[in-house]
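Enquirer: Next up, query24.pdb (PDB, C-alpha atoms).
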MODEL        1
ATOM      1  CA  MET A   1      18.104   3.309 -48.779
ATOM      2  CA  ARG A   2      19.288   6.668 -47.388
ATOM      3  CA  THR A   3      15.926   7.185 -45.729
ATOM      4  CA  LYS A   4      16.238   3.887 -43.848
ATOM      5  CA  TRP A   5      19.730   4.826 -42.628
ATOM      6  CA  SER A   6      18.545   8.283 -41.615
ATOM      7  CA  VAL A   7      15.680   6.811 -39.609
ATOM      8  CA  LEU A   8      18.043   4.293 -38.022
ATOM      9  CA  VAL A   9      20.610   6.951 -37.047
ATOM     10  CA  VAL A  10      17.981   9.317 -35.645
ATOM     11  CA  SER A  11      16.376   6.452 -33.709
ATOM     12  CA  ALA A  12      19.734   5.455 -32.239
ATOM     13  CA  ILE A  13      20.436   9.045 -31.171
ATOM     14  CA  VAL A  14      17.006   9.409 -29.546
ATOM     15  CA  LEU A  15      17.342   6.063 -27.785
ATOM     16  CA  GLY A  16      20.832   6.901 -26.536
ATOM     17  CA  ALA A  17      19.761  10.316 -25.277
ATOM     18  CA  SER A  18      16.744   8.894 -23.459
ATOM     19  CA  CYS A  19      18.818   6.159 -21.795
ATOM     20  CA  TRP A  20      21.441   8.693 -20.714
ATOM     21  CA  GLY A  21      18.722  10.823 -19.097
ATOM     22  CA  MET A  22      17.202   7.815 -17.343
ATOM     23  CA  ASN A  23      20.440   7.001 -15.535
ATOM     24  CA  ALA A  24      20.598  10.468 -14.002
ATOM     25  CA  ALA A  25      16.959  10.365 -12.951
ATOM     26  CA  TRP A  26      17.245   6.811 -11.655
ATOM     27  CA  ALA A  27      19.873   7.781  -9.089
ATOM     28  CA  VAL A  28      17.650  10.499  -7.679
ATOM     29  CA  ILE A  29      14.610   8.248  -7.593
ATOM     30  CA  GLN A  30      16.565   5.607  -5.649
ATOM     31  CA  PHE A  31      17.280   8.121  -2.875
ATOM     32  CA  ARG A  32      13.621   9.107  -2.798
ATOM     33  CA  ASN A  33      12.519   5.466  -2.783
ATOM     34  CA  GLU A  34      14.732   4.757   0.224
ATOM     35  CA  PHE A  35      13.322   7.825   2.025
ATOM     36  CA  VAL A  36       9.811   6.469   1.381
ATOM     37  CA  ALA A  37      10.818   2.956   2.491
ATOM     38  CA  ARG A  38      12.233   4.320   5.749
ATOM     39  CA  TYR A  39       9.617   6.881   6.746
ATOM     40  CA  VAL A  40       6.323   6.382   4.890
ATOM     41  CA  LYS A  41       3.953   3.837   6.407
ATOM     42  CA  LYS A  42       1.922   2.991   3.333
ATOM     43  CA  GLU A  43      -0.360   0.470   5.015
ATOM     44  CA  SER A  44      -1.115   2.571   8.097
ATOM     45  CA  LYS A  45      -4.678   3.691   8.758
ATOM     46  CA  GLU A  46      -3.477   6.405  11.152
ATOM     47  CA  PRO A  47      -4.438   9.874   9.888
ATOM     48  CA  LYS A  48      -0.987  11.250  10.815
ATOM     49  CA  ASP A  49       0.745   8.544   8.739
ATOM     50  CA  GLN A  50      -1.615   9.051   5.809
ATOM     51  CA  ALA A  51      -1.102  12.824   5.937
ATOM     52  CA  PHE A  52       2.677  12.351   5.952
ATOM     53  CA  ALA A  53       2.463   9.988   2.970
ATOM     54  CA  ARG A  54       0.487  12.664   1.088
ATOM     55  CA  LEU A  55       3.074  15.324   1.999
ATOM     56  CA  VAL A  56       5.892  13.148   0.672
ATOM     57  CA  GLU A  57       3.979  12.403  -2.521
ATOM     58  CA  GLU A  58       3.188  16.080  -3.103
ATOM     59  CA  ALA A  59       6.742  17.230  -2.331
ATOM     60  CA  LYS A  60       8.298  14.746  -4.763
ATOM     61  CA  CYS A  61      11.906  15.866  -5.388
ATOM     62  CA  ASN A  62      11.495  18.874  -3.118
ATOM     63  CA  ILE A  63      12.116  16.664  -0.106
ATOM     64  CA  CYS A  64      15.786  17.366  -0.890
ATOM     65  CA  HIS A  65      15.729  19.951  -3.678
ATOM     66  CA  VAL A  66      14.609  23.551  -4.128
ATOM     67  CA  GLY A  67      12.155  24.299  -6.918
ATOM     68  CA  THR A  68      12.727  22.558 -10.225
ATOM     69  CA  ASP A  69      16.515  22.968 -10.348
ATOM     70  CA  ARG A  70      17.859  19.558  -9.325
ATOM     71  CA  LYS A  71      21.296  21.058  -8.662
ATOM     72  CA  GLN A  72      19.867  23.226  -5.876
ATOM     73  CA  ARG A  73      19.425  21.349  -2.598
ATOM     74  CA  ASN A  74      17.665  22.459   0.548
ATOM     75  CA  VAL A  75      19.468  21.973   3.883
ATOM     76  CA  TYR A  76      18.240  18.375   4.142
ATOM     77  CA  GLY A  77      19.462  17.607   0.629
ATOM     78  CA  GLN A  78      22.800  19.268   1.428
ATOM     79  CA  ALA A  79      23.192  17.098   4.531
ATOM     80  CA  LEU A  80      22.561  13.944   2.484
ATOM     81  CA  ASP A  81      24.795  15.172  -0.334
ATOM     82  CA  ARG A  82      27.748  15.289   2.073
ATOM     83  CA  LEU A  83      27.291  11.555   2.688
ATOM     84  CA  LEU A  84      26.121  10.211  -0.665
ATOM     85  CA  ASP A  85      27.403  10.303  -4.226
ATOM     86  CA  ARG A  86      24.443  10.071  -6.590
ATOM     87  CA  THR A  87      26.388   8.128  -9.224
ATOM     88  CA  LYS A  88      28.296   5.750  -6.948
ATOM     89  CA  ASP A  89      25.724   5.164  -4.204
ATOM     90  CA  ALA A  90      22.468   4.960  -6.161
ATOM     91  CA  ARG A  91      22.299   1.166  -5.885
ATOM     92  CA  ASN A  92      23.660   0.951  -2.358
ATOM     93  CA  LYS A  93      20.484   0.759  -0.274
ATOM     94  CA  GLU A  94      22.415   0.172   2.947
ATOM     95  CA  LYS A  95      24.514   3.296   2.466
ATOM     96  CA  ILE A  96      21.452   5.378   1.589
ATOM     97  CA  GLN A  97      19.640   4.106   4.695
ATOM     98  CA  ALA A  98      22.709   4.817   6.851
ATOM     99  CA  ALA A  99      22.886   8.367   5.483
ATOM    100  CA  LEU A 100      19.178   8.921   6.165
ATOM    101  CA  ALA A 101      19.682   7.680   9.730
ATOM    102  CA  GLU A 102      22.771   9.821  10.255
ATOM    103  CA  VAL A 103      21.167  13.101   9.182
ATOM    104  CA  GLU A 104      18.120  12.542  11.403
ATOM    105  CA  SER A 105      20.050  14.065  14.311
ATOM    106  CA  GLU A 106      21.132  17.178  12.390
ATOM    107  CA  LYS A 107      19.374  20.462  13.096
ATOM    108  CA  VAL A 108      17.239  22.077  10.422
ATOM    109  CA  ASP A 109      18.919  25.368  11.387
ATOM    110  CA  PRO A 110      22.378  24.574  12.776
ATOM    111  CA  LYS A 111      22.756  28.175  14.003
ATOM    112  CA  ASP A 112      19.683  27.867  16.239
ATOM    113  CA  PRO A 113      20.275  25.565  19.240
ATOM    114  CA  LYS A 114      16.488  25.262  19.699
ATOM    115  CA  SER A 115      15.926  24.223  16.103
ATOM    116  CA  ALA A 116      14.250  20.875  15.497
ATOM    117  CA  THR A 117      16.241  18.070  13.945
ATOM    118  CA  PHE A 118      15.287  16.522  10.626
ATOM    119  CA  GLY A 119      14.282  13.404  12.549
ATOM    120  CA  ASP A 120      12.099  15.429  14.965
ATOM    121  CA  ARG A 121      10.201  16.922  12.042
ATOM    122  CA  ILE A 122       9.742  13.550  10.356
ATOM    123  CA  LYS A 123       8.516  11.947  13.598
ATOM    124  CA  ALA A 124       6.048  14.828  13.936
ATOM    125  CA  GLY A 125       4.652  13.986  10.491
ATOM    126  CA  GLU A 126       6.353  16.893   8.727
ATOM    127  CA  LEU A 127       8.831  16.988   5.879
ATOM    128  CA  PRO A 128      12.470  17.377   6.985
ATOM    129  CA  VAL A 129      12.359  20.941   5.629
ATOM    130  CA  PRO A 130       9.165  22.896   4.923
ATOM    131  CA  VAL A 131       8.406  23.108   1.207
ATOM    132  CA  PRO A 132       6.622  26.262   0.035
ATOM    133  CA  LYS A 133       3.560  25.444  -2.064
ATOM    134  CA  GLU A 134       4.988  27.092  -5.185
ATOM    135  CA  GLU A 135       8.074  24.821  -5.040
ATOM    136  CA  LYS A 136       6.177  21.545  -5.018
ATOM    137  CA  LYS A 137       6.501  19.786  -8.318
TER     138      LYS A 137
ENDMDL
END
Would you kindly transcribe this structure into structure tokens?
Expert:
Amino acid sequence: MRTKWSVLVVSAIVLGASCWGMNAAWAVIQFRNEFVARYVKKESKEPKDQAFARLVEEAKCNICHVGTDRKQRNVYGQALDRLLDRTKDARNKEKIQAALAEVESEKVDPKDPKSATFGDRIKAGELPVPVPKEEKK
């Protein structure tokens, strides 16, 4: 009888821990999904669009983050973080889309008046911020 209870308790702990982790990841994936919905033209046959779709797929979380530490954001991720709360806004597609639209006009390097905007880079088929190869996850 003790063995059954032990298995039940351990199973409940594992299930609870995995569900808790999914909520945190789900919020991040929603932001990424909205980025893809806004900028990636999945059905396009244009080489530029296909190349951009590959870049986004390869970059994964590094569209907004640096390396594998999800607490570290690049300048694009920092701009979005000022407008979005990952726990409160994860299900708010309209707010996510509005934030994506708003940061399009921000400069990649605010100190450089000649710097491209995030939107300029995306329109050119580039990620909002260059991602070094070793950071792609």
Enquirer: Quick one: residues within 10 Å of Asp81 of chain A, only C-alpha atoms counted, chain neighbours fewer than 6 positions away excluded, as a PyMOL selection string?
Expert: chain A and resi 64+73+75+99
Enquirer: Keeping C-alpha atoms, export the residues of the selection given above as a PDB file, in the coordinates of the input.
Expert:
ATOM      1  CA  CYS A  64      15.786  17.366  -0.890  1.00  0.00           C
ATOM      2  CA  ARG A  73      19.425  21.349  -2.598  1.00  0.00           C
ATOM      3  CA  VAL A  75      19.468  21.973   3.883  1.00  0.00           C
ATOM      4  CA  ALA A  99      22.886   8.367   5.483  1.00  0.00           C
TER       5      ALA A  99
END
Enquirer: Pick the closest to Gln97 of chain A from A:Arg32, A:Lys71, A:Arg38, A:Arg121: which is it, counting only C-alpha atoms?
Expert: A:Arg38
Enquirer: Could you tell me which of A:Val36, A:Ala59, A:Ala79, A:Ala53 comes closest to Pro110 of chain A if we count only C-alpha atoms?
Expert: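 For Pro110 of chain A, the nearest of the given residues is A:Ala79.
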Enquirer: Which residue is closest to Pro132 of chain A? Choose from A:Asp120, A:Glu58, A:Asp69, A:Glu104 and count all atoms listed in the file.
Expert: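 Closest candidate: A:Glu58.
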Enquirer: Expressed in Å to a single decimal, how great is the separation between atom CA of Glu34 of chain A and atom CA of Leu80 of chain A?
Expert: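 Pair atom CA of Glu34 of chain A / atom CA of Leu80 of chain A returns 12.3 Å.
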Enquirer: Using only C-alpha atoms, collect all residues at a distance of at most 9 Å from (12.9, 15.5, -7.4) as written in the file, then present them as JSON, numbers by chain.
Expert: {"A": [25, 28, 29, 32, 59, 60, 61, 62, 63, 64, 65, 66, 67, 68, 69, 70, 137]}
Enquirer: Of the candidates A:Leu83, A:Ala124, A:Gly119, A:Val131, which shows the shortest atom-to-atom distance to Lys48 of chain A, using only C-alpha atoms?
Expert: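 Nearest candidate to Lys48 of chain A out of A:Leu83, A:Ala124, A:Gly119, A:Val131: A:Ala124.
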Enquirer: Please compute the atom CA of Asp112 of chain A-atom CA of Gln72 of chain A distance, one decimal, in Å.
Expert: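 Rounded to one decimal, the two atoms are 22.6 Å apart.
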Enquirer: Name the closest residue to Asp89 of chain A among the candidates A:Ser105, A:Gln50, A:Gln30, A:Thr117; distances are taken between atoms, counting all atoms listed in the file.
Expert: A:Gln30
Enquirer: Quick one, how far is atom CA of Ser44 of chain A from atom CA of Pro128 of chain A?
Expert: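 Taking atom CA of Ser44 of chain A as the start and atom CA of Pro128 of chain A as the end point, the length is 20.1 Å.
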